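**Student:** I'm passing along entry-v9.txt; it holds compact mmCIF, C-alpha atoms and all ligand atoms.
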```
# COMPACT_ATOMS: atom_id res chain seq x y z
CA MET A 26 143.57 -14.82 -65.46
CA SER A 27 145.04 -18.10 -64.17
CA SER A 28 147.86 -16.15 -62.48
CA LEU A 29 145.18 -14.34 -60.41
CA LEU A 30 143.71 -17.58 -59.09
CA PRO A 31 146.30 -18.28 -56.33
CA SER A 32 145.98 -14.69 -55.01
CA VAL A 33 142.16 -14.95 -54.96
CA MET A 34 142.39 -18.27 -53.10
CA VAL A 35 144.87 -16.91 -50.54
CA GLY A 36 142.75 -13.75 -50.14
CA SER A 37 139.57 -15.80 -49.55
CA ALA A 38 141.36 -18.04 -47.05
CA ILE A 39 142.55 -14.96 -45.11
CA VAL A 40 139.02 -13.47 -45.08
CA CYS A 41 137.61 -16.80 -43.79
CA LEU A 42 140.25 -16.96 -41.03
CA VAL A 43 139.56 -13.36 -39.98
CA ILE A 44 135.79 -14.05 -39.80
CA LYS A 45 136.42 -17.25 -37.83
CA TYR A 46 138.72 -15.44 -35.37
CA TYR A 47 136.24 -12.55 -35.09
CA ASN A 48 133.32 -14.92 -34.36
CA SER A 49 135.11 -16.98 -31.74
CA HIS A 50 137.15 -14.28 -29.95
CA ILE A 51 136.31 -10.65 -30.69
CA GLN A 52 132.54 -10.82 -31.05
CA PRO A 53 131.89 -12.71 -27.74
CA TRP A 54 134.27 -10.36 -25.93
CA PHE A 55 132.57 -7.34 -27.52
CA PHE A 56 129.19 -8.66 -26.46
CA SER A 57 130.23 -9.30 -22.86
CA LYS A 58 131.93 -5.94 -22.38
CA VAL A 59 130.33 -3.43 -24.70
CA TYR A 60 126.74 -4.63 -25.01
CA ASN A 61 126.54 -5.21 -21.27
CA PRO A 62 125.78 -1.55 -20.34
CA SER A 63 122.81 -1.43 -22.71
CA LEU A 64 121.43 -4.63 -21.15
CA ALA A 65 121.88 -2.98 -17.75
CA VAL A 66 119.71 -0.02 -18.82
CA TYR A 67 117.09 -2.41 -20.22
CA HIS A 68 117.12 -4.33 -16.97
CA VAL A 69 116.49 -1.20 -14.90
CA HIS A 70 113.49 -0.32 -17.09
CA CYS A 71 112.11 -3.85 -16.76
CA ARG A 72 112.96 -4.57 -13.12
CA GLU A 73 109.47 -4.25 -11.64
CA ILE A 74 107.74 -6.19 -14.44
CA LYS A 75 110.38 -8.90 -14.14
CA ARG A 76 109.98 -9.05 -10.38
CA LYS A 77 106.25 -9.77 -10.86
CA HIS A 78 106.97 -12.32 -13.60
CA PHE A 79 109.38 -14.30 -11.42
CA GLU A 80 107.45 -13.84 -8.15
CA SER A 81 105.82 -17.29 -8.19
CA ILE A 82 109.18 -19.12 -8.30
CA LYS A 83 109.36 -18.84 -4.52
CA ASP A 84 106.14 -20.91 -4.16
CA HIS A 85 107.48 -23.80 -6.23
CA LYS A 86 108.49 -26.99 -4.40
CA SER A 87 111.54 -28.90 -5.51
CA ALA A 88 111.11 -32.37 -7.01
CA ASP A 89 114.27 -33.42 -5.14
CA PRO A 90 113.30 -34.58 -1.59
CA GLU A 91 116.60 -33.33 -0.09
CA LEU A 92 116.20 -29.87 -1.60
CA ARG A 93 112.53 -29.79 -0.70
CA LYS A 94 113.42 -30.42 2.97
CA LYS A 95 115.76 -27.41 2.88
CA GLY A 96 113.20 -25.27 1.05
CA ALA A 97 115.68 -25.00 -1.83
CA LEU A 98 115.26 -25.09 -5.61
CA ARG A 99 117.52 -26.16 -8.46
CA ILE A 100 117.41 -23.43 -11.10
CA LEU A 101 118.97 -23.51 -14.55
CA GLU A 102 119.31 -20.28 -16.48
CA ILE A 103 120.14 -20.48 -20.16
CA GLY A 104 122.10 -17.55 -21.59
CA PRO A 105 122.24 -15.54 -18.34
CA GLY A 106 124.85 -13.13 -19.74
CA PRO A 107 126.10 -11.01 -16.83
CA GLY A 108 123.36 -12.34 -14.53
CA TYR A 109 120.79 -9.57 -14.24
CA ASN A 110 118.09 -12.09 -13.23
CA PHE A 111 119.89 -13.46 -10.19
CA GLU A 112 118.20 -10.91 -7.91
CA PHE A 113 114.82 -12.55 -8.61
CA TYR A 114 115.76 -16.02 -7.37
CA PRO A 115 114.56 -17.12 -3.93
CA PRO A 116 116.92 -17.80 -1.01
CA ASN A 117 118.70 -21.18 -1.16
CA SER A 118 118.45 -21.44 -4.95
CA GLU A 119 121.14 -23.62 -6.49
CA LEU A 120 121.96 -22.06 -9.81
CA THR A 121 123.48 -23.56 -12.94
CA ALA A 122 124.12 -21.53 -16.08
CA VAL A 123 124.40 -22.79 -19.64
CA GLU A 124 125.93 -19.93 -21.56
CA VAL A 125 127.61 -19.97 -24.94
CA ASN A 126 129.82 -16.96 -24.23
CA ARG A 127 132.74 -17.96 -22.00
CA PHE A 128 133.53 -14.30 -21.25
CA PHE A 129 130.54 -14.22 -18.89
CA GLU A 130 131.90 -16.94 -16.58
CA GLU A 131 133.93 -14.60 -14.37
CA GLN A 132 130.95 -12.26 -13.96
CA PHE A 133 128.73 -15.23 -13.05
CA PHE A 134 130.87 -16.16 -10.05
CA GLU A 135 131.50 -12.52 -9.08
CA LYS A 136 127.73 -12.20 -8.68
CA GLN A 137 127.96 -14.56 -5.69
CA ALA A 138 129.10 -11.57 -3.65
CA ASP A 139 126.04 -9.51 -4.65
CA HIS A 140 123.62 -12.40 -4.13
CA PRO A 141 124.83 -14.44 -1.14
CA HIS A 142 121.38 -16.09 -0.90
CA ILE A 143 122.10 -18.02 -4.11
CA LYS A 144 124.54 -20.89 -4.49
CA MET A 145 126.30 -20.50 -7.83
CA GLU A 146 126.55 -24.17 -8.67
CA ARG A 147 127.95 -24.51 -12.19
CA PHE A 148 128.74 -22.45 -15.25
CA VAL A 149 128.59 -24.66 -18.35
CA VAL A 150 129.98 -23.15 -21.53
CA GLY A 151 127.68 -24.62 -24.15
CA PHE A 152 124.57 -24.35 -26.25
CA ALA A 153 121.04 -24.43 -24.85
CA GLU A 154 120.17 -26.67 -27.80
CA ASP A 155 122.56 -29.34 -26.51
CA MET A 156 122.77 -29.40 -22.70
CA LYS A 157 124.39 -32.80 -22.42
CA ASP A 158 125.96 -31.86 -19.05
CA VAL A 159 122.50 -31.44 -17.50
CA PRO A 160 120.71 -34.75 -16.69
CA ASP A 161 117.10 -35.50 -17.66
CA ASN A 162 114.39 -34.46 -15.16
CA SER A 163 116.93 -32.81 -12.85
CA VAL A 164 115.93 -29.14 -12.68
CA ASP A 165 112.98 -27.47 -10.92
CA ILE A 166 112.99 -24.17 -12.79
CA VAL A 167 114.46 -23.12 -16.14
CA VAL A 168 114.76 -19.43 -16.99
CA SER A 169 115.52 -17.62 -20.24
CA THR A 170 115.32 -13.89 -20.89
CA MET A 171 116.19 -12.48 -24.33
CA VAL A 172 117.91 -15.70 -25.39
CA LEU A 173 115.64 -17.48 -27.89
CA CYS A 174 116.39 -14.66 -30.37
CA SER A 175 120.00 -15.87 -30.54
CA VAL A 176 119.90 -19.66 -30.29
CA ARG A 177 120.56 -21.61 -33.48
CA SER A 178 117.28 -23.52 -33.10
CA VAL A 179 114.38 -22.37 -30.90
CA GLU A 180 112.73 -25.80 -31.14
CA GLY A 181 116.02 -27.50 -30.22
CA ALA A 182 116.48 -25.29 -27.15
CA LEU A 183 112.88 -25.81 -26.02
CA LYS A 184 113.17 -29.59 -26.39
CA GLU A 185 116.22 -29.47 -24.14
CA VAL A 186 114.43 -27.27 -21.61
CA HIS A 187 111.61 -29.82 -21.49
CA ARG A 188 114.08 -32.72 -21.14
CA VAL A 189 116.01 -31.30 -18.17
CA LEU A 190 112.91 -30.14 -16.24
CA ALA A 191 111.62 -32.46 -13.53
CA PRO A 192 107.95 -33.45 -13.90
CA GLY A 193 105.90 -30.45 -12.75
CA GLY A 194 108.94 -28.20 -13.29
CA LYS A 195 108.44 -24.75 -14.78
CA TYR A 196 110.05 -22.82 -17.61
CA TYR A 197 109.92 -19.04 -17.13
CA PHE A 198 110.54 -17.18 -20.39
CA TRP A 199 110.75 -13.52 -21.39
CA GLU A 200 111.68 -12.88 -25.00
CA HIS A 201 111.53 -10.15 -27.60
CA ILE A 202 109.66 -11.28 -30.72
CA ILE A 203 108.67 -9.90 -34.12
CA GLU A 204 106.82 -6.55 -33.90
CA HIS A 205 103.04 -7.03 -34.06
CA GLU A 206 101.78 -3.49 -34.54
CA TYR A 207 104.15 -1.30 -36.57
CA ARG A 208 104.98 -2.40 -40.12
CA LEU A 209 108.04 -0.18 -40.46
CA VAL A 210 109.59 -1.63 -37.31
CA ARG A 211 108.88 -5.11 -38.67
CA LEU A 212 110.63 -4.23 -41.93
CA ILE A 213 113.73 -3.00 -40.06
CA GLN A 214 113.68 -6.18 -37.98
CA HIS A 215 113.60 -8.35 -41.12
CA ILE A 216 116.52 -6.44 -42.66
CA ALA A 217 118.59 -6.54 -39.45
CA SER A 218 117.95 -10.30 -39.16
CA HIS A 219 119.36 -11.09 -42.60
CA PRO A 220 122.52 -13.21 -42.21
CA LEU A 221 124.54 -10.73 -44.29
CA CYS A 222 123.44 -7.66 -42.32
CA MET A 223 126.18 -6.04 -40.23
CA TYR A 224 123.87 -6.21 -37.19
CA GLN A 225 124.21 -10.00 -37.22
CA PHE A 226 128.00 -9.79 -36.97
CA VAL A 227 127.96 -7.27 -34.15
CA PHE A 228 125.14 -8.67 -32.03
CA ALA A 229 125.90 -12.37 -32.02
CA GLY A 230 123.26 -13.42 -34.54
CA CYS A 231 120.33 -11.95 -32.59
CA LYS A 232 117.26 -12.38 -34.84
CA LEU A 233 114.74 -9.60 -34.32
CA ASN A 234 112.00 -11.27 -36.36
CA ARG A 235 111.55 -14.52 -34.44
CA LYS A 236 108.08 -15.82 -33.56
CA SER A 237 109.20 -17.56 -30.38
CA ASP A 238 105.70 -17.18 -28.86
CA GLU A 239 104.19 -19.27 -31.67
CA ILE A 240 106.89 -21.92 -31.38
CA ILE A 241 106.42 -22.21 -27.59
CA GLN A 242 102.66 -22.46 -28.04
CA LYS A 243 102.97 -25.45 -30.39
CA ASN A 244 101.83 -28.31 -28.23
CA ASP A 245 104.20 -30.92 -29.66
CA LEU A 246 106.94 -29.86 -27.22
CA GLY A 247 105.25 -31.81 -24.44
CA PHE A 248 104.48 -29.08 -21.91
CA SER A 249 101.26 -29.83 -20.00
CA HIS A 250 100.32 -26.16 -19.61
CA ILE A 251 101.51 -22.91 -21.21
CA ASP A 252 100.48 -19.54 -19.94
CA GLN A 253 101.90 -16.63 -21.98
CA ASN A 254 101.11 -13.05 -22.90
CA ARG A 255 102.49 -10.36 -25.19
CA PHE A 256 103.64 -7.05 -23.75
CA ARG A 257 105.96 -4.06 -24.25
CA THR A 258 108.57 -2.74 -21.87
CA PRO A 259 108.58 0.89 -20.73
CA GLN A 260 111.92 1.59 -22.51
CA LYS A 261 111.09 3.88 -25.43
CA SER A 262 113.99 6.02 -26.57
CA GLY A 263 116.52 5.17 -29.30
CA LEU A 264 116.50 2.96 -32.41
CA HIS A 265 117.58 -0.03 -30.36
CA ALA A 266 114.57 0.42 -28.09
CA ILE A 267 112.19 0.85 -31.04
CA CYS A 268 113.45 -2.33 -32.76
CA ILE A 269 114.17 -4.54 -29.74
CA PHE A 270 113.71 -3.26 -26.24
CA HIS A 271 110.27 -1.66 -26.70
CA SER A 272 109.10 -3.85 -29.57
CA SER A 273 106.74 -6.80 -29.02
CA HIS A 274 107.75 -9.19 -26.23
CA VAL A 275 106.32 -12.39 -24.83
CA LYS A 276 106.58 -13.62 -21.26
CA GLY A 277 105.12 -16.70 -19.72
CA ILE A 278 105.44 -19.95 -17.83
CA ALA A 279 105.39 -23.42 -19.39
CA THR A 280 104.83 -26.38 -17.06
CA LYS A 281 106.19 -29.86 -17.77
C1 LIG B 301 120.68 -10.55 -25.20
S1 LIG B 301 121.68 -11.51 -24.16
C2 LIG B 301 120.60 -11.67 -22.75
C3 LIG B 301 121.35 -11.93 -21.49
C4 LIG B 301 120.47 -12.14 -20.24
N1 LIG B 301 119.64 -13.31 -20.37
C5 LIG B 301 119.63 -10.91 -19.94
O1 LIG B 301 118.41 -10.96 -20.11
O2 LIG B 301 120.24 -9.90 -19.55
C6 LIG B 301 121.62 -13.15 -24.88
C7 LIG B 301 122.45 -14.16 -24.10
O3 LIG B 301 122.21 -15.47 -24.62
C8 LIG B 301 123.47 -16.13 -24.81
N2 LIG B 301 123.28 -17.15 -25.85
C9 LIG B 301 123.12 -16.95 -27.17
N3 LIG B 301 122.95 -18.11 -27.82
C10 LIG B 301 122.98 -19.08 -26.87
C11 LIG B 301 122.85 -20.51 -26.91
N4 LIG B 301 122.66 -21.15 -28.06
N5 LIG B 301 122.94 -21.18 -25.76
C12 LIG B 301 123.14 -20.54 -24.57
N6 LIG B 301 123.28 -19.20 -24.47
C13 LIG B 301 123.19 -18.48 -25.61
C14 LIG B 301 124.40 -15.00 -25.21
O4 LIG B 301 125.74 -15.33 -25.04
C15 LIG B 301 123.94 -13.91 -24.25
O5 LIG B 301 124.54 -14.03 -23.00
```
How does this structure look as structure tokens?
**Tutor:**
Amino acid sequence: MSSLLPSVMVGSAIVCLVIKYYNSHIQPWFFSKVYNPSLAVYHVHCREIKRKHFESIKDHKSADPELRKKGALRILEIGPGPGYNFEFYPPNSELTAVEVNRFFEEQFFEKQADHPHIKMERFVVGFAEDMKDVPDNSVDIVVSTMVLCSVRSVEGALKEVHRVLAPGGKYYFWEHIIEHEYRLVRLIQHIASHPLCMYQFVFAGCKLNRKSDEIIQKNDLGFSHIDQNRFRTPQKSGLHAICIFHSSHVKGIATK
């Protein structure tokens, strides 16, 4: 028995190293390259609803007098992935991204060519829960779409969003949340969200059973006004659509 111990220890160490390597290299790469096409399909289904959701950004006035003079806005998007939301930002927007997956950086700057009306300011590789590179009260608009499902702490990310927003600044969110109507879908979401479920390894810890709407609504975050509503997207086919893309969503605007 004691002769087995060193082999078990070496075996466990190798498994840990493989998981660590997978989490820091293979999984983010997989997500940026392979998951990207399915996000693209989702985006096409949602384009018109998103356009309406983001429409009022253009009426917002920057808190920065210089930007206000130019009719520009400072926008921060957390977890933009490949940047499907850039098309909704008004002309002269100055855009910063805080994105945990470094494999999206190249795509972020490539998007400049598709959206010449936006100035791609900065791509910060980091966590939304700890945006130390973004000063307090410095941003006019914060955007997140399908990100709160993956952050380590929804409360932590929201506190940071509130901190970086200028007074009167707005947080536009669009998130999938736990299914509210169909019990079977909810059960699948709970199983897929278990830390030991394969889904968690493949899809970057995306939790399908989060109640982000309830957490946003809690008034201890400091937002002066929160306007949110539940909805479903028109994307209906496939298991992925049933459990994520067409399942319950919340979208809204929180004002600092
Ligand atoms: C499902 S994708 C959505 C991408 C994009 N927002 C969209 O709607 O197409 C989730 C994104 O959030 C990023 N992400 C996950 N956790 C994060 C965190 N803690 N901080 C910042 N970004 C994060 C992921 O790397 C990924 O790009």
**Student:** Using all atoms listed in the file, which residues have at least one atom no more than 9 Å from ligand LIG 301 (chain B)? Output them as number ranges by chain.
**Tutor:** A: 53, 56-57, 60-61, 64-65, 67-68, 102-110, 122-129, 150-156, 168-179, 182, 199-200, 228-231
**Student:** What's the separation between atom CA of Ile240 of chain A and atom CA of Val227 of chain A, in Å to one decimal place?
**Tutor:**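 These atoms are spaced 25.8 Å apart.
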**Student:** For atom CA of Phe79 of chain A and atom CA of Glu130 of chain A, quote the distance in Å rounded to one decimal.
**Tutor:**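 A separation of 23.3 Å between them.
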**Student:** Just to confirm, what's the straight-line distance from atom CA of Ala217 of chain A to atom CA of Glu239 of chain A in Å (one decimal)?
**Tutor:**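 Between these atoms lies a distance of 20.7 Å.
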**Student:** Draw an axis-aligned box over all listed atoms of segment 92-100 of chain A, pad each side with 5 Å, and write its centre and edge lengths in Å, one decimal, as AutoDock Vina command-line options.
**Tutor:**
```
--center_x 115.0 --center_y -26.9 --center_z -4.1 --size_x 15.0 --size_y 17.0 --size_z 24.1
```
**Student:** Taking all atoms listed in the file into account, which of A:Glu135, A:Asp158, A:Glu80, A:Asp89 comes nearest Ala191 of chain A?
**Tutor:**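 Smallest distance to Ala191 of chain A is found for A:Asp89.
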**Student:** Select all residues near (122.3, -18.8, -2.7) (cut-off 7 Å, inclusive, file coordinates), counting all atoms listed in the file, and output them as a PDB file with C-alpha atoms, in the frame of the given file.
**Tutor:**
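Listing of selection.pdb after writing:
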```
ATOM      1  CA  PRO A 116     116.920 -17.800  -1.010  1.00  0.00           C
ATOM      2  CA  ASN A 117     118.700 -21.180  -1.160  1.00  0.00           C
ATOM      3  CA  SER A 118     118.450 -21.440  -4.950  1.00  0.00           C
ATOM      4  CA  GLU A 119     121.140 -23.620  -6.490  1.00  0.00           C
ATOM      5  CA  HIS A 140     123.620 -12.400  -4.130  1.00  0.00           C
ATOM      6  CA  PRO A 141     124.830 -14.440  -1.140  1.00  0.00           C
ATOM      7  CA  HIS A 142     121.380 -16.090  -0.900  1.00  0.00           C
ATOM      8  CA  ILE A 143     122.100 -18.020  -4.110  1.00  0.00           C
ATOM      9  CA  LYS A 144     124.540 -20.890  -4.490  1.00  0.00           C
ATOM     10  CA  MET A 145     126.300 -20.500  -7.830  1.00  0.00           C
TER      11      MET A 145
END
```
**Student:** Anything within 8 Å of (100.8, -9.8, -28.7): list those residues as a PyMOL selection string, counting all atoms listed in the file and sticking to the file's coordinates.
**Tutor:** chain A and resi 205+254-256+273-275
**Student:** Name all residues at most 12 Å from Ala266 of chain A (count all atoms listed in the file; drop same-chain ones fewer than 6 positions away) and give them as a PyMOL selection string.
**Tutor:** chain A and resi 63-64+66-67+70+201+204+210+214+233+257-260+272-274
**Student:** Neighbouring residues of Gln242 of chain A were defined as those with any atom within 12 Å, considering all atoms listed in the file; residues of the same chain fewer than 6 positions away were excluded. Please report them as a list in words.
**Tutor:**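 Neighbouring residues, sequence-local ones excluded: Glu180, Leu183, Lys236, Phe248, Ser249, His250, Ile251, Asp252, Gln253, Asn254, Val275, Lys276, Gly277, Ile278, Ala279 and Thr280 of chain A.
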**Student:** I need the residue nearest Glu131 of chain A from this list: A:Arg147, A:Lys45, A:Arg93, A:Lys243. Use all atoms listed in the file for the distance.
**Tutor:**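 Nearest candidate to Glu131 of chain A out of A:Arg147, A:Lys45, A:Arg93, A:Lys243: A:Arg147.
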**Student:** Here is a test: counting all atoms listed in the file, which residue of A:Trp54, A:Phe134, A:Phe111, A:Phe270 is nearest to Ile203 of chain A?
**Tutor:**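 The shortest atom-to-atom distance to Ile203 of chain A comes from A:Phe270.
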**Student:** Counting all atoms listed in the file, what is within 8 Å of His215 of chain A, bar same-chain residues fewer than 4 positions away, as a PyMOL selection string?
**Tutor:** chain A and resi 211+219+233-234
**Student:** Ranking A:Leu101, A:Ala138, A:Ile213, A:Leu120 by minimum distance to Glu185 of chain A and counting all atoms listed in the file, which one comes first?
**Tutor:**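 That would be A:Leu101, the residue with the smallest distance to Glu185 of chain A.
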**Student:** Could you give me, as a PDB file with C-alpha atoms, keeping the file's coordinate frame, the residues within 10 Å of Ile82 of chain A, counting only C-alpha atoms and dropping anything in the same chain fewer than 4 positions from it?
**Tutor:**
```
ATOM      1  CA  HIS A  78     106.970 -12.320 -13.600  1.00  0.00           C
ATOM      2  CA  LYS A  86     108.490 -26.990  -4.400  1.00  0.00           C
ATOM      3  CA  LEU A  98     115.260 -25.090  -5.610  1.00  0.00           C
ATOM      4  CA  ILE A 100     117.410 -23.430 -11.100  1.00  0.00           C
ATOM      5  CA  PHE A 113     114.820 -12.550  -8.610  1.00  0.00           C
ATOM      6  CA  TYR A 114     115.760 -16.020  -7.370  1.00  0.00           C
ATOM      7  CA  PRO A 115     114.560 -17.120  -3.930  1.00  0.00           C
ATOM      8  CA  ASP A 165     112.980 -27.470 -10.920  1.00  0.00           C
ATOM      9  CA  ILE A 166     112.990 -24.170 -12.790  1.00  0.00           C
ATOM     10  CA  LYS A 195     108.440 -24.750 -14.780  1.00  0.00           C
ATOM     11  CA  TYR A 197     109.920 -19.040 -17.130  1.00  0.00           C
TER      12      TYR A 197
END
```
